[in-house]
Amino acid sequence: MAFTAENLAADDRFLSAILHCADQMLSIYRESPRIASIFAAQQRWLMAHAGFALHYGHPDDGRSSGLYSGRFIDFAVRNDIASRNTAAAFMQEMLAYRFLRPVPGPDKRTRYLEPTEIAEQHFTRWLVAHMMILDSLDGGERADKITADPPAMMAAIQPLIARAIIGSEAVRSPGPTFNLFNWANTGGLVMDYLISRLPEFPRTAERVVLGPLSLREIREQFMISNTHLKRLLTQAATMGSVGWTEPSRKGDFWLSGRFIMEYWNYQAAKFAIIDAAAEAVLGPAVRDEPQARRVS
């Protein structure tokens, strides 16, 4: 059996996996801010997954497979991902950035689209990074199997992941503070950055101190305005989820245990979905299930 969200949420080794995942997302951003902007907020991330899944043949509406604007917009609206205008603007942005391109299709009246090589490469990297983290927990070889034939593996696994993620309340709405960051423009990257600085996380801790926090460094790294960043942190502070050890944003910065657990549970739910999709396509990652899935 694949890992369950409960397995991962209860496994203390999963903290290092979470930190590694946050580092990987930040690494992708530093290499290519435009492509990483797709992962910077939940709505854009869900739309990207939806677009890839439709391209690969997501059986959502009984129609023939293929990605085109009308189908994508209908899918985004029907699954409560985005409004028609937001979904349409996203498609135009992906075309402008050359992450999508027109291709011939079965209906000459329809403008079919497909992801470009750079978009596929980065999404494959996202998938492989998650598989490597799962492999580190049980000694499986998921990542090697995917890198042996990336196009075929992406086409088989990604639609399964997208379908489950889009239908998962645990992934789409894991808690109020997570939602605050992940639905804000660039907020997901700011959250990954804050989590990546965790030194440790005793589960009983009410808060974990990260040390000094430079708002200027965050602004420059993620190209976020000072007003937007301060508003985001002020809202989170009002919720009791972040703060400073001294008044007026002085001293060390801390995260609440509740906020960290929202992030932890989100990652557990997401990784469980990814592992289930991998197992459906690749078979069991480890044969010795009782040993491999023993929670430390």
# chains A, B, ... in the order shown; residues from 1 in each chain; ligands from 1
>>> residues_around(residues="Ala237 of chain A", least_positions_apart="5", cutoff="12 Å", atoms="only C-alpha atoms", output="list in words")
Thr177, Leu180, Lys230, Arg231, Leu232, Val242, Gly243, Trp244, Thr245, Pro247, Ser248, Arg249, Phe253, Trp254, Leu255, Ser256 and Phe259 of chain A
>>> residues_around(residues="Gln24 of chain A", least_positions_apart="3", cutoff="10 Å", atoms="only C-alpha atoms", output="PDB file with N, CA and C atoms, in the first residue's frame")
ATOM      1  N   ILE A  18       9.639  17.607   4.483  1.00  0.00           N
ATOM      2  CA  ILE A  18       8.938  18.873   4.247  1.00  0.00           C
ATOM      3  C   ILE A  18       9.936  19.991   3.986  1.00  0.00           C
ATOM      4  N   LEU A  19      10.991  20.049   4.803  1.00  0.00           N
ATOM      5  CA  LEU A  19      11.991  21.103   4.643  1.00  0.00           C
ATOM      6  C   LEU A  19      12.698  20.967   3.300  1.00  0.00           C
ATOM      7  N   HIS A  20      12.974  19.728   2.902  1.00  0.00           N
ATOM      8  CA  HIS A  20      13.624  19.503   1.609  1.00  0.00           C
ATOM      9  C   HIS A  20      12.704  19.929   0.468  1.00  0.00           C
ATOM     10  N   CYS A  21      11.432  19.645   0.598  1.00  0.00           N
ATOM     11  CA  CYS A  21      10.459  20.027  -0.433  1.00  0.00           C
ATOM     12  C   CYS A  21      10.396  21.545  -0.557  1.00  0.00           C
ATOM     13  N   SER A  27      14.352  26.556  -4.876  1.00  0.00           N
ATOM     14  CA  SER A  27      15.408  26.391  -5.875  1.00  0.00           C
ATOM     15  C   SER A  27      14.859  26.587  -7.287  1.00  0.00           C
ATOM     16  N   ILE A  28      13.675  26.016  -7.546  1.00  0.00           N
ATOM     17  CA  ILE A  28      13.038  26.192  -8.856  1.00  0.00           C
ATOM     18  C   ILE A  28      12.752  27.668  -9.095  1.00  0.00           C
ATOM     19  N   TYR A  29      12.302  28.358  -8.057  1.00  0.00           N
ATOM     20  CA  TYR A  29      11.991  29.775  -8.213  1.00  0.00           C
ATOM     21  C   TYR A  29      13.243  30.575  -8.575  1.00  0.00           C
ATOM     22  N   ARG A  30      14.331  30.305  -7.875  1.00  0.00           N
ATOM     23  CA  ARG A  30      15.554  31.082  -8.123  1.00  0.00           C
ATOM     24  C   ARG A  30      16.075  30.858  -9.529  1.00  0.00           C
ATOM     25  N   ARG A 125      10.267  17.974 -13.201  1.00  0.00           N
ATOM     26  CA  ARG A 125      11.168  18.177 -12.074  1.00  0.00           C
ATOM     27  C   ARG A 125      10.386  18.222 -10.762  1.00  0.00           C
ATOM     28  N   TRP A 126       9.250  18.893 -10.782  1.00  0.00           N
ATOM     29  CA  TRP A 126       8.386  18.940  -9.587  1.00  0.00           C
ATOM     30  C   TRP A 126       7.999  17.528  -9.172  1.00  0.00           C
ATOM     31  N   ALA A 129      11.093  15.503  -7.863  1.00  0.00           N
ATOM     32  CA  ALA A 129      11.496  15.965  -6.535  1.00  0.00           C
ATOM     33  C   ALA A 129      10.620  15.342  -5.456  1.00  0.00           C
ATOM     34  N   HIS A 130       9.325  15.273  -5.706  1.00  0.00           N
ATOM     35  CA  HIS A 130       8.426  14.657  -4.724  1.00  0.00           C
ATOM     36  C   HIS A 130       8.661  13.150  -4.619  1.00  0.00           C
ATOM     37  N   ASP A 192       6.743  28.892   1.952  1.00  0.00           N
ATOM     38  CA  ASP A 192       7.802  27.895   1.807  1.00  0.00           C
ATOM     39  C   ASP A 192       9.109  28.400   2.414  1.00  0.00           C
ATOM     40  N   SER A 196      11.042  26.677   5.457  1.00  0.00           N
ATOM     41  CA  SER A 196      12.390  26.153   5.190  1.00  0.00           C
ATOM     42  C   SER A 196      13.391  26.563   6.255  1.00  0.00           C
TER      43      SER A 196
END
>>> atom_distance(atom1="atom CA of Ser214 of chain A", atom2="atom CA of Gln42 of chain A")
24.5 Å
>>> residues_around(residues="Gln221 of chain A", least_positions_apart="6", cutoff="10 Å", atoms="only C-alpha atoms", output="PyMOL selection string")
chain A and resi 26+29-30+33+189-190+215
>>> write_last_selection(atoms="N, CA and C atoms", output="PDB file, in the first residue's frame")
ATOM      1  N   LEU A  26      11.877  26.515  -3.649  1.00  0.00           N
ATOM      2  CA  LEU A  26      12.625  27.776  -3.677  1.00  0.00           C
ATOM      3  C   LEU A  26      13.733  27.723  -4.722  1.00  0.00           C
ATOM      4  N   TYR A  29      12.302  28.358  -8.057  1.00  0.00           N
ATOM      5  CA  TYR A  29      11.991  29.775  -8.213  1.00  0.00           C
ATOM      6  C   TYR A  29      13.243  30.575  -8.575  1.00  0.00           C
ATOM      7  N   ARG A  30      14.331  30.305  -7.875  1.00  0.00           N
ATOM      8  CA  ARG A  30      15.554  31.082  -8.123  1.00  0.00           C
ATOM      9  C   ARG A  30      16.075  30.858  -9.529  1.00  0.00           C
ATOM     10  N   PRO A  33      12.092  32.351 -12.155  1.00  0.00           N
ATOM     11  CA  PRO A  33      10.967  32.987 -11.458  1.00  0.00           C
ATOM     12  C   PRO A  33       9.645  32.903 -12.210  1.00  0.00           C
ATOM     13  N   LEU A 189       5.200  31.046  -1.934  1.00  0.00           N
ATOM     14  CA  LEU A 189       6.666  31.057  -1.869  1.00  0.00           C
ATOM     15  C   LEU A 189       7.150  31.643  -0.553  1.00  0.00           C
ATOM     16  N   VAL A 190       6.489  32.686  -0.078  1.00  0.00           N
ATOM     17  CA  VAL A 190       6.855  33.261   1.217  1.00  0.00           C
ATOM     18  C   VAL A 190       6.677  32.209   2.314  1.00  0.00           C
ATOM     19  N   LEU A 215      12.744  41.410   6.093  1.00  0.00           N
ATOM     20  CA  LEU A 215      11.671  41.644   5.132  1.00  0.00           C
ATOM     21  C   LEU A 215      12.241  42.107   3.794  1.00  0.00           C
TER      22      LEU A 215
END
>>> residues_around(residues="segment 151-160 of chain A", least_positions_apart="3", cutoff="9 Å", atoms="only C-alpha atoms", output="list in words")
His49, Ala50, Phe52, Ala53, Leu54, His55, Tyr56, Gly57, His58, Glu120, Phe123, Thr124, Leu127, Lys145, Ile146, Thr147, Ala148, Arg163, Ala164, Ile165, Ile273, Ile274, Ala276, Ala277, Ala278, Ala280, Val281 and Leu282 of chain A
>>> select_by_dssp(residues="segment 137-222 of chain A", states="strand (DSSP E or B)", output="number ranges by chain")
A: 207-211
>>> select_by_dssp(residues="segment 35-275 of chain A", states="helix (DSSP H, G or I)", output="JSON, numbers by chain")
{"A": [35, 36, 37, 38, 39, 42, 43, 44, 45, 46, 47, 48, 49, 50, 51, 52, 53, 54, 55, 56, 69, 70, 71, 72, 73, 74, 75, 76, 77, 78, 84, 85, 86, 87, 88, 89, 90, 91, 92, 93, 94, 95, 96, 117, 118, 119, 120, 121, 122, 123, 124, 125, 126, 127, 128, 129, 130, 131, 132, 133, 134, 135, 136, 137, 138, 142, 143, 144, 145, 146, 147, 148, 150, 151, 152, 153, 154, 155, 156, 157, 158, 159, 160, 161, 162, 163, 164, 165, 166, 169, 170, 171, 172, 176, 177, 178, 179, 180, 181, 182, 187, 188, 189, 190, 191, 192, 193, 194, 195, 196, 215, 216, 217, 218, 219, 220, 221, 222, 226, 227, 228, 229, 230, 231, 232, 233, 234, 235, 236, 237, 238, 257, 258, 259, 260, 261, 262, 263, 264, 265, 266, 267, 268, 269, 270, 271, 272, 273, 274, 275]}
>>> residues_around(residues="Glu200 of chain A", least_positions_apart="6", cutoff="9 Å", atoms="only C-alpha atoms", output="NGL selection string")
:A and (15-16 or 208)
>>> closest_residue(among="A:Glu117, A:Glu217, A:Asp138, A:Asp144", to="Arg98 of chain A", atoms="only C-alpha atoms")
A:Glu117
>>> residues_around(residues="Phe14 of chain A", least_positions_apart="4", cutoff="10 Å", atoms="only C-alpha atoms", output="list in words")
Asn7, Leu8, Ala9, Ala10, Ile18, Leu19, His20, Ile133, Leu134, Ser136, Leu137, Trp264, Gln267, Ala268 and Ser296 of chain A
>>> atom_distance(atom1="atom CA of Asn265 of chain A", atom2="atom CA of Phe39 of chain A")
18.4 Å
